[in-house]
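K.L.:
coords.pdb is the file, holding PDB, C-alpha atoms:
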ATOM      1  CA  GLY R 228      -3.909  15.872   6.163
ATOM      2  CA  ASN R 229      -1.483  14.407   3.692
ATOM      3  CA  SER R 230      -2.954  13.045   0.479
ATOM      4  CA  VAL R 231      -2.131  11.830  -3.002
ATOM      5  CA  THR R 232      -4.039  12.426  -6.218
ATOM      6  CA  GLN R 233      -3.206  10.417  -9.278
ATOM      7  CA  MET R 234      -4.422  10.299 -12.836
ATOM      8  CA  GLU R 235      -7.575   8.303 -13.291
ATOM      9  CA  GLY R 236      -7.604   5.373 -15.638
ATOM     10  CA  PRO R 237      -7.966   3.053 -17.173
ATOM     11  CA  VAL R 238      -5.099   3.614 -19.570
ATOM     12  CA  THR R 239      -4.768   1.375 -22.622
ATOM     13  CA  LEU R 240      -1.598   1.438 -24.690
ATOM     14  CA  SER R 241       0.062  -0.490 -27.459
ATOM     15  CA  GLU R 242       3.363  -2.226 -26.854
ATOM     16  CA  GLU R 243       6.391   0.110 -27.120
ATOM     17  CA  ALA R 244       4.250   3.184 -26.449
ATOM     18  CA  PHE R 245       5.252   5.874 -23.944
ATOM     19  CA  LEU R 246       3.525   5.764 -20.568
ATOM     20  CA  THR R 247       3.061   8.594 -18.131
ATOM     21  CA  ILE R 248       0.891   8.541 -15.010
ATOM     22  CA  ASN R 249       0.460  11.829 -13.204
ATOM     23  CA  CYS R 250       0.685  12.049  -9.428
ATOM     24  CA  THR R 251       0.469  15.105  -7.199
ATOM     25  CA  TYR R 252       0.587  15.257  -3.440
ATOM     26  CA  THR R 253      -0.371  17.468  -0.534
ATOM     27  CA  ALA R 254       1.794  17.202   2.527
ATOM     28  CA  THR R 255       3.215  19.079   5.451
ATOM     29  CA  GLY R 256       6.919  18.580   5.665
ATOM     30  CA  TYR R 257       8.892  16.485   3.205
ATOM     31  CA  PRO R 258       7.593  12.940   2.951
ATOM     32  CA  SER R 259       9.183  10.195   0.919
ATOM     33  CA  LEU R 260       7.333   9.326  -2.298
ATOM     34  CA  PHE R 261       6.765   5.893  -3.775
ATOM     35  CA  TRP R 262       5.253   4.110  -6.730
ATOM     36  CA  TYR R 263       3.836   0.674  -6.015
ATOM     37  CA  VAL R 264       2.570  -1.801  -8.612
ATOM     38  CA  GLN R 265      -0.094  -4.464  -8.202
ATOM     39  CA  TYR R 266      -0.174  -7.239 -10.779
ATOM     40  CA  PRO R 267      -3.412  -9.212 -11.184
ATOM     41  CA  GLY R 268      -4.039 -11.436  -8.181
ATOM     42  CA  GLU R 269      -0.974 -10.252  -6.313
ATOM     43  CA  GLY R 270      -0.092  -7.910  -3.471
ATOM     44  CA  LEU R 271       1.654  -4.579  -3.787
ATOM     45  CA  GLN R 272       5.275  -4.402  -4.852
ATOM     46  CA  LEU R 273       7.512  -1.381  -4.535
ATOM     47  CA  LEU R 274       8.442  -0.131  -7.996
ATOM     48  CA  LEU R 275      10.570   2.883  -7.100
ATOM     49  CA  LYS R 276      10.992   5.596  -4.501
ATOM     50  CA  ALA R 277      12.463   9.044  -3.911
ATOM     51  CA  THR R 278      13.247  10.440  -0.502
ATOM     52  CA  LYS R 279      13.943  14.121  -1.130
ATOM     53  CA  ALA R 280      13.353  16.922  -3.627
ATOM     54  CA  ASP R 281      14.918  16.413  -7.072
ATOM     55  CA  ASP R 282      15.638  12.737  -6.362
ATOM     56  CA  LYS R 283      14.906  10.460  -9.299
ATOM     57  CA  GLY R 284      13.731   6.939  -8.575
ATOM     58  CA  SER R 285      14.112   4.324 -11.292
ATOM     59  CA  ASN R 286      13.497   0.620 -11.753
ATOM     60  CA  LYS R 287      12.617  -1.741 -14.634
ATOM     61  CA  GLY R 288      12.685   1.161 -17.104
ATOM     62  CA  PHE R 289      10.286   3.271 -15.024
ATOM     63  CA  GLU R 290      11.327   6.684 -13.697
ATOM     64  CA  ALA R 291       9.827   9.353 -11.452
ATOM     65  CA  THR R 292      11.309  12.605 -10.133
ATOM     66  CA  TYR R 293      10.362  14.203  -6.804
ATOM     67  CA  ARG R 294       9.344  17.766  -7.756
ATOM     68  CA  LYS R 295       8.795  19.896  -4.663
ATOM     69  CA  GLU R 296       7.945  23.049  -6.632
ATOM     70  CA  THR R 297       5.025  21.345  -8.390
ATOM     71  CA  THR R 298       4.339  18.783  -5.615
ATOM     72  CA  SER R 299       4.448  16.044  -8.224
ATOM     73  CA  PHE R 300       5.933  12.589  -8.728
ATOM     74  CA  HIS R 301       4.881  11.531 -12.226
ATOM     75  CA  LEU R 302       5.687   8.003 -13.375
ATOM     76  CA  GLU R 303       7.108   7.479 -16.879
ATOM     77  CA  LYS R 304       8.318   4.631 -19.048
ATOM     78  CA  GLY R 305       9.598   5.082 -22.540
ATOM     79  CA  SER R 306       8.535   1.763 -24.071
ATOM     80  CA  VAL R 307       5.954  -0.389 -22.327
ATOM     81  CA  GLN R 308       5.555  -4.141 -22.633
ATOM     82  CA  VAL R 309       2.532  -6.385 -22.201
ATOM     83  CA  SER R 310       4.041  -7.505 -18.898
ATOM     84  CA  ASP R 311       3.660  -3.922 -17.579
ATOM     85  CA  SER R 312      -0.122  -4.368 -17.454
ATOM     86  CA  ALA R 313      -1.020  -3.752 -13.810
ATOM     87  CA  VAL R 314      -2.463  -1.230 -11.383
ATOM     88  CA  TYR R 315      -0.029   1.510 -10.352
ATOM     89  CA  PHE R 316      -0.299   3.380  -7.062
ATOM     90  CA  CYS R 317       1.415   6.583  -6.071
ATOM     91  CA  ALA R 318       2.010   6.901  -2.327
ATOM     92  CA  LEU R 319       3.636   9.154   0.217
ATOM     93  CA  ASN R 320       5.191   8.064   3.480
ATOM     94  CA  ASP R 321       4.891  10.235   6.568
ATOM     95  CA  TYR R 322       5.547   7.254   8.848
ATOM     96  CA  LYS R 323       2.507   5.567   7.264
ATOM     97  CA  LEU R 324       1.619   5.165   3.609
ATOM     98  CA  SER R 325      -1.100   7.279   1.992
ATOM     99  CA  PHE R 326      -2.047   5.957  -1.434
ATOM    100  CA  GLY R 327      -3.698   7.389  -4.486
ATOM    101  CA  ALA R 328      -6.704   5.624  -5.989
ATOM    102  CA  GLY R 329      -4.609   3.675  -8.492
ATOM    103  CA  THR R 330      -4.336   3.729 -12.271
ATOM    104  CA  THR R 331      -5.068   0.590 -14.263
ATOM    105  CA  VAL R 332      -2.746   0.185 -17.220
ATOM    106  CA  THR R 333      -3.379  -2.324 -19.999
ATOM    107  CA  VAL R 334      -0.750  -2.853 -22.678
ATOM    108  CA  ARG R 335      -1.873  -4.545 -25.897
ATOM    109  CA  ALA R 336       0.482  -6.584 -28.078
TER     110      ALA R 336
ATOM    111  CA  ASP I 178      12.928 -15.632   2.836
ATOM    112  CA  ALA I 179       9.164 -16.210   2.785
ATOM    113  CA  GLY I 180       8.351 -12.530   2.724
ATOM    114  CA  VAL I 181       5.119 -11.315   4.297
ATOM    115  CA  THR I 182       2.549 -14.072   4.664
ATOM    116  CA  GLN I 183      -1.139 -13.610   5.382
ATOM    117  CA  SER I 184      -3.870 -16.058   6.239
ATOM    118  CA  PRO I 185      -6.423 -16.959   5.186
ATOM    119  CA  THR I 186      -6.364 -15.898   1.534
ATOM    120  CA  HIS I 187     -10.139 -15.758   1.224
ATOM    121  CA  LEU I 188     -12.910 -15.564   3.780
ATOM    122  CA  ILE I 189     -16.683 -15.267   3.664
ATOM    123  CA  LYS I 190     -18.499 -14.021   6.766
ATOM    124  CA  THR I 191     -22.040 -13.051   7.621
ATOM    125  CA  ARG I 192     -22.997  -9.542   8.651
ATOM    126  CA  GLY I 193     -22.633  -9.104  12.415
ATOM    127  CA  GLN I 194     -19.983 -11.774  12.810
ATOM    128  CA  GLN I 195     -16.405 -11.272  13.932
ATOM    129  CA  VAL I 196     -13.271 -12.079  11.928
ATOM    130  CA  THR I 197      -9.555 -12.454  12.676
ATOM    131  CA  LEU I 198      -6.898 -12.061   9.994
ATOM    132  CA  ARG I 199      -3.270 -13.024  10.511
ATOM    133  CA  CYS I 200       0.053 -11.738   9.266
ATOM    134  CA  SER I 201       3.656 -12.876   9.610
ATOM    135  CA  PRO I 202       6.171 -10.167   8.727
ATOM    136  CA  LYS I 203       9.234 -10.504   6.559
ATOM    137  CA  SER I 204      12.215 -11.884   8.421
ATOM    138  CA  GLY I 205      14.002  -9.124  10.317
ATOM    139  CA  HIS I 206      11.049  -6.728  10.299
ATOM    140  CA  ASP I 207       9.489  -5.599  13.560
ATOM    141  CA  THR I 208       6.734  -3.248  12.409
ATOM    142  CA  VAL I 209       3.408  -4.354  10.962
ATOM    143  CA  SER I 210       0.803  -2.123   9.328
ATOM    144  CA  TRP I 211      -2.661  -3.060   8.107
ATOM    145  CA  TYR I 212      -4.489  -1.570   5.133
ATOM    146  CA  GLN I 213      -7.975  -1.964   3.730
ATOM    147  CA  GLN I 214      -8.321  -1.922  -0.052
ATOM    148  CA  ALA I 215     -11.886  -1.664  -1.339
ATOM    149  CA  LEU I 216     -12.507  -2.735  -4.916
ATOM    150  CA  GLY I 217     -11.133  -0.223  -7.384
ATOM    151  CA  GLN I 218      -9.566   1.965  -4.718
ATOM    152  CA  GLY I 219      -6.181   2.508  -3.153
ATOM    153  CA  PRO I 220      -5.274   0.952   0.186
ATOM    154  CA  GLN I 221      -6.370   2.872   3.275
ATOM    155  CA  PHE I 222      -4.234   2.782   6.422
ATOM    156  CA  ILE I 223      -5.929   1.085   9.378
ATOM    157  CA  PHE I 224      -3.208   0.960  12.044
ATOM    158  CA  GLN I 225       0.429   0.162  12.743
ATOM    159  CA  TYR I 226       1.990  -2.014  15.429
ATOM    160  CA  TYR I 227       5.496  -1.766  16.801
ATOM    161  CA  GLU I 228       6.847  -3.277  20.020
ATOM    162  CA  GLU I 229       3.441  -4.888  20.574
ATOM    163  CA  GLU I 230       1.680  -1.524  20.763
ATOM    164  CA  GLU I 231      -0.553   0.355  18.376
ATOM    165  CA  ARG I 232       1.566   3.310  17.269
ATOM    166  CA  GLN I 233      -0.647   4.995  14.686
ATOM    167  CA  ARG I 234      -4.234   4.640  13.665
ATOM    168  CA  GLY I 235      -6.143   5.713  10.593
ATOM    169  CA  ASN I 236      -9.753   6.796  10.378
ATOM    170  CA  PHE I 237     -11.354   3.454  11.232
ATOM    171  CA  PRO I 238     -13.916   2.717  13.954
ATOM    172  CA  ASP I 239     -13.145   0.838  17.151
ATOM    173  CA  ARG I 240     -14.645  -2.288  15.592
ATOM    174  CA  PHE I 241     -11.221  -2.655  14.027
ATOM    175  CA  SER I 242      -8.639  -3.786  16.538
ATOM    176  CA  GLY I 243      -5.317  -5.519  16.411
ATOM    177  CA  HIS I 244      -2.555  -7.197  18.248
ATOM    178  CA  GLN I 245       1.146  -7.813  17.792
ATOM    179  CA  PHE I 246       2.872 -10.784  19.341
ATOM    180  CA  PRO I 247       6.443 -11.018  20.688
ATOM    181  CA  ASN I 248       7.532 -12.730  17.449
ATOM    182  CA  TYR I 249       6.277  -9.606  15.570
ATOM    183  CA  SER I 250       3.375 -11.404  13.910
ATOM    184  CA  SER I 251       0.065  -9.602  14.028
ATOM    185  CA  GLU I 252      -3.681 -10.064  13.961
ATOM    186  CA  LEU I 253      -6.427  -7.807  12.709
ATOM    187  CA  ASN I 254      -9.833  -8.265  14.312
ATOM    188  CA  VAL I 255     -13.052  -6.822  13.007
ATOM    189  CA  ASN I 256     -16.209  -7.048  15.107
ATOM    190  CA  ALA I 257     -19.843  -6.628  14.094
ATOM    191  CA  LEU I 258     -19.063  -6.980  10.405
ATOM    192  CA  LEU I 259     -20.850  -4.738   7.941
ATOM    193  CA  LEU I 260     -21.343  -5.291   4.242
ATOM    194  CA  GLY I 261     -19.033  -2.325   3.684
ATOM    195  CA  ASP I 262     -16.165  -4.177   5.362
ATOM    196  CA  SER I 263     -15.867  -6.364   2.276
ATOM    197  CA  ALA I 264     -12.401  -5.630   0.907
ATOM    198  CA  LEU I 265      -8.870  -6.880   0.419
ATOM    199  CA  TYR I 266      -6.955  -6.540   3.692
ATOM    200  CA  LEU I 267      -3.251  -6.033   3.226
ATOM    201  CA  CYS I 268      -0.525  -6.458   5.769
ATOM    202  CA  ALA I 269       2.784  -4.652   5.340
ATOM    203  CA  SER I 270       5.965  -5.118   7.307
ATOM    204  CA  SER I 271       8.921  -2.810   7.680
ATOM    205  CA  LEU I 272      11.708  -1.878  10.036
ATOM    206  CA  ALA I 273      11.049   0.361  13.038
ATOM    207  CA  PRO I 274       8.851   3.304  12.014
ATOM    208  CA  THR I 275      11.444   5.994  12.567
ATOM    209  CA  GLU I 276      12.262   6.810   8.971
ATOM    210  CA  MET I 277       9.914   8.016   6.251
ATOM    211  CA  ASN I 278      11.958   6.317   3.536
ATOM    212  CA  THR I 279      11.559   2.875   5.049
ATOM    213  CA  GLU I 280      10.342   0.407   2.462
ATOM    214  CA  ALA I 281       7.200  -1.532   3.324
ATOM    215  CA  PHE I 282       6.775  -5.071   2.018
ATOM    216  CA  PHE I 283       3.229  -6.250   1.400
ATOM    217  CA  GLY I 284       1.600  -9.635   1.673
ATOM    218  CA  GLN I 285      -0.805 -11.058  -0.898
ATOM    219  CA  GLY I 286      -3.764  -9.966   1.180
ATOM    220  CA  THR I 287      -6.891 -11.562   2.598
ATOM    221  CA  ARG I 288     -10.046 -11.146   0.551
ATOM    222  CA  LEU I 289     -12.928 -10.705   2.989
ATOM    223  CA  THR I 290     -16.487 -10.934   1.715
ATOM    224  CA  VAL I 291     -19.334 -10.049   4.065
ATOM    225  CA  VAL I 292     -22.748 -11.347   3.048
TER     226      VAL I 292
END
As structure tokens, how would this structure be written, given the file I've shared?

P.N.:
Amino acid sequence: GNSVTQMEGPVTLSEEAFLTINCTYTATGYPSLFWYVQYPGEGLQLLLKATKADDKGSNKGFEATYRKETTSFHLEKGSVQVSDSAVYFCALNDYKLSFGAGTTVTVRA
Amino acid sequence: DAGVTQSPTHLIKTRGQQVTLRCSPKSGHDTVSWYQQALGQGPQFIFQYYEEEERQRGNFPDRFSGHQFPNYSSELNVNALLLGDSALYLCASSLAPTEMNTEAFFGQGTRLTVV
């Protein structure tokens, strides 16, 4: 079946550092790909999405590109802030969401 | 717009009991999906309701059942609770499940603890 594998954490960074979280997927067909973020004590929020190969999703300084040839959707941000501390989930949508295990990111001031 | 609302926020039940969780979807949404998120893990799909019928189901036993009402709200029922059912239960709403790029909006979740 379809599945998502993402980089294990936790990841600890200093403010203004570069963040990358790796995500690869296994799927039949061409699902849409998403990154969701979960701040402490809150539900999941959509961060960005891409619906077809070579699409780039972006939001709040985060970017991810749908790479069909490498079946990847890595999340990147050039300069993180303390407020980016959260758990990040990669997910694919084949009419239901399949999530990765999540990566906890902590940004220190 | 209130977004997706779930109740209760926290719940403690005893092993063997039954529990009902509730979800009201975002205004304009007609599809509700339920997910189980164990501590430190990603959410796992339980099932999806559309037009008051279960449309898809994940790998969960029949102890997990649900219902969708004409106003699109939904309930998740779990019978014969096990300690392993302790988790955060998330409800997500979206438009009709005909497109893979449909965005799902999540509620804050219900934290269920089975003792």

K.L.:
Hey, what's within 8 Å of Gln225 (chain I) if we count all atoms listed in the file and toss same-chain stuff fewer than 6 positions away? As a list in words, please?

P.N.:
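So, after excluding close chain neighbours, the residues are Lys323 of chain R; Thr208, Val209, Ser210, Trp211, Glu231, Arg232, Gln233 and Arg234 of chain I.
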
K.L.:
My list of candidates is I:Gln285, I:Thr290, I:Thr197, I:Ser204. Which is closest to Gln272 (chain R) when distances are computed with all atoms listed in the file?

P.N.:
I:Gln285

K.L.:
Going by the chain IDs and residue numbers used in this file, which residues fall under the PyMOL selection byres ((chain I and resi 239) around 12)? Write them as a ChimeraX atom specification.

P.N.:
/I:223-224,234-238,240-243,253-258

K.L.:
If we count all atoms listed in the file, what is near Arg288 (chain I) at a cut-off of 8 Å, once residues fewer than 2 positions away on the same chain are taken out, given as a CSV table (one decimal) with C-alpha atoms, in the coordinates of the input?

P.N.:
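Printed below is selection33.csv as written:
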chain,number,residue,atom,x,y,z
I,186,THR,CA,-6.4,-15.9,1.5
I,187,HIS,CA,-10.1,-15.8,1.2
I,188,LEU,CA,-12.9,-15.6,3.8
I,263,SER,CA,-15.9,-6.4,2.3
I,264,ALA,CA,-12.4,-5.6,0.9
I,265,LEU,CA,-8.9,-6.9,0.4
I,266,TYR,CA,-7.0,-6.5,3.7
I,286,GLY,CA,-3.8,-10.0,1.2
I,290,THR,CA,-16.5,-10.9,1.7

K.L.:
Could you write out as a ChimeraX atom specification the residues that the ChimeraX specification (/I :<9) & /R matches in the shown file?

P.N.:
/R:258-261,268-273,276-278,316,319-329

K.L.:
Draw an axis-aligned box over all listed atoms of region 252-258 of chain I, pad each side with 6 Å, and write its centre and edge lengths in Å, one decimal, as lines of an AutoDock Vina configuration file.

P.N.:
center_x = -11.8
center_y = -8.3
center_z = 12.8
size_x = 28.2
size_y = 15.4
size_z = 16.7

K.L.:
Could you give me, as a CSV table (one decimal) with C-alpha atoms, keeping the file's coordinate frame, the residues that have an atom at most 12 Å away from the point (6.2, -2.3, -22.0) in the coordinates of the file, using only C-alpha atoms?

P.N.:
chain,number,residue,atom,x,y,z
R,239,THR,CA,-4.8,1.4,-22.6
R,240,LEU,CA,-1.6,1.4,-24.7
R,241,SER,CA,0.1,-0.5,-27.5
R,242,GLU,CA,3.4,-2.2,-26.9
R,243,GLU,CA,6.4,0.1,-27.1
R,244,ALA,CA,4.2,3.2,-26.4
R,245,PHE,CA,5.3,5.9,-23.9
R,246,LEU,CA,3.5,5.8,-20.6
R,247,THR,CA,3.1,8.6,-18.1
R,287,LYS,CA,12.6,-1.7,-14.6
R,288,GLY,CA,12.7,1.2,-17.1
R,289,PHE,CA,10.3,3.3,-15.0
R,303,GLU,CA,7.1,7.5,-16.9
R,304,LYS,CA,8.3,4.6,-19.0
R,305,GLY,CA,9.6,5.1,-22.5
R,306,SER,CA,8.5,1.8,-24.1
R,307,VAL,CA,6.0,-0.4,-22.3
R,308,GLN,CA,5.6,-4.1,-22.6
R,309,VAL,CA,2.5,-6.4,-22.2
R,310,SER,CA,4.0,-7.5,-18.9
R,311,ASP,CA,3.7,-3.9,-17.6
R,312,SER,CA,-0.1,-4.4,-17.5
R,313,ALA,CA,-1.0,-3.8,-13.8
R,332,VAL,CA,-2.7,0.2,-17.2
R,333,THR,CA,-3.4,-2.3,-20.0
R,334,VAL,CA,-0.8,-2.9,-22.7
R,335,ARG,CA,-1.9,-4.5,-25.9
R,336,ALA,CA,0.5,-6.6,-28.1

K.L.:
As a list in words, please: the residues near Thr182 (chain I) (cut-off 7 Å, only C-alpha atoms, same-chain neighbours under 5 positions excluded).

P.N.:
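Once the adjacent positions are removed, what remains is Cys200, Ser201, Pro202 and Gly284 of chain I.
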
K.L.:
Using the chain letters and numbers from the file, which residues does the PyMOL selection byres ((chain R and resi 233) around 12) grab, as number ranges by chain?

P.N.:
R: 230-232, 234-237, 247-253, 262, 298-302, 314-319, 325-331; I: 218-219

K.L.:
Residues as selected, C-alpha atoms, written as a short mmCIF file (atom, residue, chain, number, x, y, z; two decimals), in the coordinates of the input, can you do that?

P.N.:
data_model
loop_
_atom_site.label_atom_id
_atom_site.label_comp_id
_atom_site.auth_asym_id
_atom_site.auth_seq_id
_atom_site.Cartn_x
_atom_site.Cartn_y
_atom_site.Cartn_z
CA SER R 230 -2.95 13.04 0.48
CA VAL R 231 -2.13 11.83 -3.00
CA THR R 232 -4.04 12.43 -6.22
CA MET R 234 -4.42 10.30 -12.84
CA GLU R 235 -7.58 8.30 -13.29
CA GLY R 236 -7.60 5.37 -15.64
CA PRO R 237 -7.97 3.05 -17.17
CA THR R 247 3.06 8.59 -18.13
CA ILE R 248 0.89 8.54 -15.01
CA ASN R 249 0.46 11.83 -13.20
CA CYS R 250 0.68 12.05 -9.43
CA THR R 251 0.47 15.10 -7.20
CA TYR R 252 0.59 15.26 -3.44
CA THR R 253 -0.37 17.47 -0.53
CA TRP R 262 5.25 4.11 -6.73
CA THR R 298 4.34 18.78 -5.62
CA SER R 299 4.45 16.04 -8.22
CA PHE R 300 5.93 12.59 -8.73
CA HIS R 301 4.88 11.53 -12.23
CA LEU R 302 5.69 8.00 -13.38
CA VAL R 314 -2.46 -1.23 -11.38
CA TYR R 315 -0.03 1.51 -10.35
CA PHE R 316 -0.30 3.38 -7.06
CA CYS R 317 1.42 6.58 -6.07
CA ALA R 318 2.01 6.90 -2.33
CA LEU R 319 3.64 9.15 0.22
CA SER R 325 -1.10 7.28 1.99
CA PHE R 326 -2.05 5.96 -1.43
CA GLY R 327 -3.70 7.39 -4.49
CA ALA R 328 -6.70 5.62 -5.99
CA GLY R 329 -4.61 3.68 -8.49
CA THR R 330 -4.34 3.73 -12.27
CA THR R 331 -5.07 0.59 -14.26
CA GLN I 218 -9.57 1.96 -4.72
CA GLY I 219 -6.18 2.51 -3.15
#

K.L.:
What is the distance between CA of Lys190 (chain I) and CA of Leu289 (chain I), in Å to one decimal?

P.N.:
7.5 Å

K.L.:
Separation of CA of Val238 (chain R) and CA of Tyr263 (chain R), in Å?

P.N.:
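Distance reported for this atom pair: 16.5 Å.
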